[in-house]
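For reference, the structure discussed in these notes is given below.
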Amino acid sequence: MNYNIKQMFVVKSGASLLTSGNTSNLTQGQVGVFKGDYTALSAAPTGLQAPYILLGEGTGDSEVGSFKTSKIYLNKITAWKGSKADTTGKEQITYIGWDEITSNTCESPTIKCDKSYTVIIRVFEHYLRSVWCPYLQEGVVVKSSCCSECGGGCDNINCSAVFEEFASKINANPRLKKYVTATVVKTLVSGSSPVTQFSLVLPDPGTNVGAITDVNLNTNIAAGLTDGTYTAITQSSTSGSGVSATFNFTVAGGVLTSASVNAGGSGYAIGEVITFLGTKITGGTTPADDFTITVTATNSAEGNLLTAIRTTYASLVANVETDIIYSPAGDSNSTGNVQILMTPLAGVSIASVEPYAGIAWIENPCPAADTAVYACGLKIVGTTPDDFNAPDCIPDAVPYIANKVRFKVYAGEAPSSSQLEDLPDFCNLWMVKNTQEVKYPIGEGKAIAELERNYAGYNQPAVSSHRYWIPYYNGDFITFADSTLQYDIYELEYTDPSPVGFEHKTTDGMSIMVAVPSSMTAWKSSFESIMNGWVALSPAYQGPVVL
């Protein structure tokens with residue numbers, strides 16, 4: 001809560017700005033600007049006409065009357081400002097190590113063999129302060145794998161597995177997972193990772209040549225062609241023995257965008273590359289605009305088999321045409337068998353692949369060597385636990401609170417402990433970087449409703465019993481905020497010249513906040529015309545507020 005704010009008025013949706021009469025004419029949720037004699041202003045007064053003004057809001061309750069500010073003198077104004085509604089919020093994002101910026105791969109930590117590494121997260125959040133005063137602190141520990149020479153000076157190892165385990169442990173932690181989510185980010189710096197590959201050996205179904213049923217358009221295509229659809233285009237040459245097929249092509253934006261089969265022809269094999277002269281397309285030249293397609297499916301016996309297998313296992317691969325293929329070495333049509341290779345998506349295990357026609361897939365026992373070197377990072381994003389459901393029997397309980405999660409992160413080599421003091425070397429911690437700070441939404445209806453409730457007591461005399469709209473709490477609390485709307489906010493800060501305190505030597509800093517539904521453009525225009533014109537005469541004036 002901003003304790004500088006002494007009063008808050010929320011304009012009731014649909015209420016007009018009072019511009020005639022006096023404070024007794026204010027209806028429920030109606031706001032007006034008044035001269036010292038309590039008559040409403042319809043235009044900005046001069047300094048002599050109104051050396052001070054008041055703002056007031058009607059309650060609709062004859063016993064309570066209206067809420068009014070203290071006297072606001074021109075020479076006592078300290079600030080006049082406003083905020084347009086902006087309901088987009090942002091969560092904190094913090095990186096450990098590499099932060100997804102390629103040039104910063106050197107920030108990836110070095111992982112040694114057989115060492116313990118710790119990530120400690122301190123979470124600061126409104127509700128948990130009452131339980132984990134003043135913050136929640138949790139740590140997770142990962143021990144790196146052994147190397148063959150662990151007796152001393154161990155080699156560096158791949159950071160990927162260590163960071164994956166960190167993310168898994170953070171996201172599984174029963175306390176941390178309520179407030180943060182961890183994701184591994186990494187990029188290949190050098191070398192290559194081994195490719196998992198499954199193989200399936202089946203009886204040779206028959207011929208491997210036939211009519212084309214599907215093709216893939218290759219990407220080496222020049223620009224500058226004439227847009228349109230070109231049909232029944234014949235091949236210029238082919239890497240195999242297929243003949244008589246024709247094709248349809250689409251050109252958009254000066255480049256070829258799609259290819260399809262018009263007539264399948266005969267004698268084509270899967271993988272056959274067909275070449276077309278650039279002059280086949282209007283605007284094209286040869287050889288600059290020559291292009292190719294690859295046969296990906298035929299109606300041959302082998303083609304039909306491959307199509308069936310691709311359909312069956314499509315969910316296990318990224319691209320059926322490139323990730324499920326015949327093995328060139330295992331398709332000689334002379335052994336009596338054919339071999340099909342599958343490159344599965346990451347995380348697909350051989351145990352999860354169902355047999356085909358009763359024949360099981362096997363994992364290729366000879367993967368390529370793992371020479372990959374990665375830059376690794378851990379992306380940690382805050383998760384705001386807003387919208388706690390408050391029981392109706394607690395009148396001060398509210399369904400919303402400005403409650404963004406903030407957190408601090410410490411990471412580095414440390415023993416198996418979650419205590420910050422166990423980190424042995426604070427000068428050599430891993431790189432930790434905040435790339436996005438918390439941004440609170442402005443003008444959300446549910447937040448305005450909470451503010452109105454928190455500041456309502458300042459609008460009423462100390463003796464007033466009108467606090468809550470619950471009969472057994474001695475009266476009514478009248479609310480004008482609509483939690484479904486968005487609100488623009490005006491704030492006027494000033495000093496109340498009336499001396500206060502035992503010796504009457506000090507004055508109070510005051511602030512009045514006025515929240516109005518963003519859609520009430522006519523109301524805002526009238527209010528701004530009065531306030532901007534009057535505050536412009538103040539020494540503190542910095543410019544008009546226009547929302």
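In the structure tokens, chains take the letters A, B, ... in the order shown, each chain's residues start at 1, and ligands count up from 1 in the order shown.
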
Exercise. What's the 12 Å shell around Val373 (chain A), counting only C-alpha atoms, without same-chain residues fewer than 2 positions away, as a PyMOL selection string?
Worked result: chain A and resi 105+108+110-111+156-161+186-194+370-371+375-376

Resulting file, chosen residues, C-alpha atoms, as a PDB file, in the first residue's frame:
ATOM      1  CA  THR A 105      28.436 -18.674 -24.563  1.00  0.00           C
ATOM      2  CA  SER A 108      28.286 -21.155 -19.417  1.00  0.00           C
ATOM      3  CA  THR A 110      32.564 -25.229 -16.331  1.00  0.00           C
ATOM      4  CA  ILE A 111      31.444 -28.556 -14.872  1.00  0.00           C
ATOM      5  CA  ASN A 156      35.520 -30.922 -17.803  1.00  0.00           C
ATOM      6  CA  ILE A 157      32.267 -32.670 -18.707  1.00  0.00           C
ATOM      7  CA  ASN A 158      29.164 -31.768 -20.675  1.00  0.00           C
ATOM      8  CA  CYS A 159      26.990 -29.305 -18.758  1.00  0.00           C
ATOM      9  CA  SER A 160      23.757 -30.526 -20.348  1.00  0.00           C
ATOM     10  CA  ALA A 161      22.972 -33.422 -17.998  1.00  0.00           C
ATOM     11  CA  LYS A 186      21.592 -24.685 -24.373  1.00  0.00           C
ATOM     12  CA  THR A 187      23.316 -24.228 -27.685  1.00  0.00           C
ATOM     13  CA  LEU A 188      25.858 -26.349 -29.530  1.00  0.00           C
ATOM     14  CA  VAL A 189      29.251 -24.646 -29.439  1.00  0.00           C
ATOM     15  CA  SER A 190      31.218 -27.297 -31.301  1.00  0.00           C
ATOM     16  CA  GLY A 191      31.121 -30.939 -32.358  1.00  0.00           C
ATOM     17  CA  SER A 192      27.932 -32.953 -32.830  1.00  0.00           C
ATOM     18  CA  SER A 193      25.622 -35.066 -30.741  1.00  0.00           C
ATOM     19  CA  PRO A 194      25.053 -38.751 -31.496  1.00  0.00           C
ATOM     20  CA  ASP A 370      29.351 -37.816 -29.050  1.00  0.00           C
ATOM     21  CA  THR A 371      31.621 -34.839 -29.701  1.00  0.00           C
ATOM     22  CA  ALA A 375      26.873 -23.750 -23.628  1.00  0.00           C
ATOM     23  CA  CYS A 376      24.267 -24.280 -20.913  1.00  0.00           C
TER      24      CYS A 376
END

Problem set entry | Near-region 351-361 of chain A list (7 Å; only C-alpha atoms; drop same-chain fewer than 3 positions) as a PyMOL selection string | chain A and resi 198-200+348

Exercise. Near Pro344 (chain A), counting only C-alpha atoms, which residues have an atom at most 10 Å away, once you skip same-chain residues fewer than 4 positions from it, shown as an MDAnalysis selection string?
Worked result: chainID A and resid 195:198 313:320 323:324 348:350 353

Would you write out those residues with C-alpha atoms, as a tab-separated table (two decimals), in the first residue's frame?
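Output contents, as saved in out_11.tsv:
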chain	number	residue	atom	x	y	z
A	195	VAL	CA	21.83	-39.39	-33.40
A	196	THR	CA	19.51	-42.03	-32.03
A	197	GLN	CA	18.26	-44.30	-34.79
A	198	PHE	CA	15.90	-47.27	-34.79
A	313	TYR	CA	4.76	-43.88	-36.63
A	314	ALA	CA	4.20	-40.26	-37.69
A	315	SER	CA	3.83	-39.07	-34.07
A	316	LEU	CA	7.31	-40.30	-33.16
A	317	VAL	CA	9.26	-38.19	-35.67
A	318	ALA	CA	9.57	-34.55	-36.66
A	319	ASN	CA	9.24	-35.15	-40.43
A	320	VAL	CA	8.04	-38.47	-41.85
A	323	ASP	CA	13.02	-39.26	-40.56
A	324	ILE	CA	11.50	-42.57	-41.81
A	348	VAL	CA	11.39	-41.38	-27.61
A	349	SER	CA	12.76	-44.67	-26.27
A	350	ILE	CA	12.90	-47.95	-28.15
A	353	VAL	CA	7.89	-48.07	-30.20

For this session: Determine which residues of region 193-417 of chain A receive a DSSP assignment of strand (DSSP E or B), computed from the backbone, and state them as a ChimeraX atom specification.
Result: /A:198-203,209-210,212-217,228-234,237-238,243,246-252,255-263,266,268-269,273-276,291-298,324-326,337-342,356,359,362-363,373-382,406-413

Problem set entry | region 478-485 of chain A environment, 7 Å, only C-alpha atoms, sequence neighbours closer than 3 positions dropped, as number ranges by chain | A: 10-12, 29, 444-446, 448-449, 469, 517

Could those residues be written to a file, using C-alpha atoms, as a compact mmCIF listing (two decimals), in the first residue's frame?
# COMPACT_ATOMS: atom_id res chain seq x y z
CA VAL A 10 -13.46 5.52 -7.86
CA VAL A 11 -15.84 6.92 -10.46
CA LYS A 12 -18.85 4.68 -10.85
CA GLY A 29 -20.25 7.25 -7.38
CA GLU A 444 -6.90 -3.81 -13.44
CA GLY A 445 -10.44 -3.66 -12.09
CA LYS A 446 -9.79 -6.21 -9.35
CA ILE A 448 -8.67 -0.98 -8.16
CA ALA A 449 -11.42 -2.67 -6.11
CA TRP A 469 -21.55 -3.74 3.38
CA PRO A 517 -13.09 3.50 -16.24

For this session: Extract, using only C-alpha atoms, all DNA, RNA and protein residues at most 12 Å from Gln49 (chain A), discarding same-chain residues fewer than 2 positions from it, and format them as a ChimeraX atom specification.
Result: /A:34-37,41,43-47,51-53,74,534

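The space between CA of Thr298 (chain A) and CA of Val273 (chain A) spans 13.2 Å.
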
Problem set entry | Straight-line distance linking CA of Ala447 (chain A) with CA of Thr383 (chain A), stated in Å to one decimal | 18.0 Å

Exercise. Within 12 Å of Glu164 (chain A), counting only C-alpha atoms, which residues qualify if same-chain residues fewer than 4 places away don't, as a list in words?
Worked result: Val142, Ser144, Asn158, Cys159, Ser160, Ser168, Lys169, Ile170, Asn171, Ala182, Thr183, Val184, Val185, Lys186, Cys376, Gly377, Leu378 and Lys379 of chain A

How would the residues just picked look written out with C-alpha atoms as an mmCIF file, in the first residue's frame?
data_model
loop_
_atom_site.group_PDB
_atom_site.id
_atom_site.type_symbol
_atom_site.label_atom_id
_atom_site.label_comp_id
_atom_site.auth_asym_id
_atom_site.auth_seq_id
_atom_site.Cartn_x
_atom_site.Cartn_y
_atom_site.Cartn_z
ATOM 1 C CA VAL A 142 23.324 -32.023 -8.274
ATOM 2 C CA SER A 144 28.227 -34.490 -11.629
ATOM 3 C CA ASN A 158 29.164 -31.768 -20.675
ATOM 4 C CA CYS A 159 26.990 -29.305 -18.758
ATOM 5 C CA SER A 160 23.757 -30.526 -20.348
ATOM 6 C CA SER A 168 13.943 -31.319 -12.841
ATOM 7 C CA LYS A 169 14.697 -30.898 -9.131
ATOM 8 C CA ILE A 170 13.584 -27.257 -8.986
ATOM 9 C CA ASN A 171 10.314 -28.012 -10.777
ATOM 10 C CA ALA A 182 13.050 -23.720 -14.430
ATOM 11 C CA THR A 183 13.905 -24.549 -18.058
ATOM 12 C CA VAL A 184 17.224 -25.650 -19.536
ATOM 13 C CA VAL A 185 18.552 -23.565 -22.424
ATOM 14 C CA LYS A 186 21.592 -24.685 -24.373
ATOM 15 C CA CYS A 376 24.267 -24.280 -20.913
ATOM 16 C CA GLY A 377 21.957 -22.063 -18.937
ATOM 17 C CA LEU A 378 19.019 -22.351 -16.597
ATOM 18 C CA LYS A 379 16.085 -20.009 -17.269
#
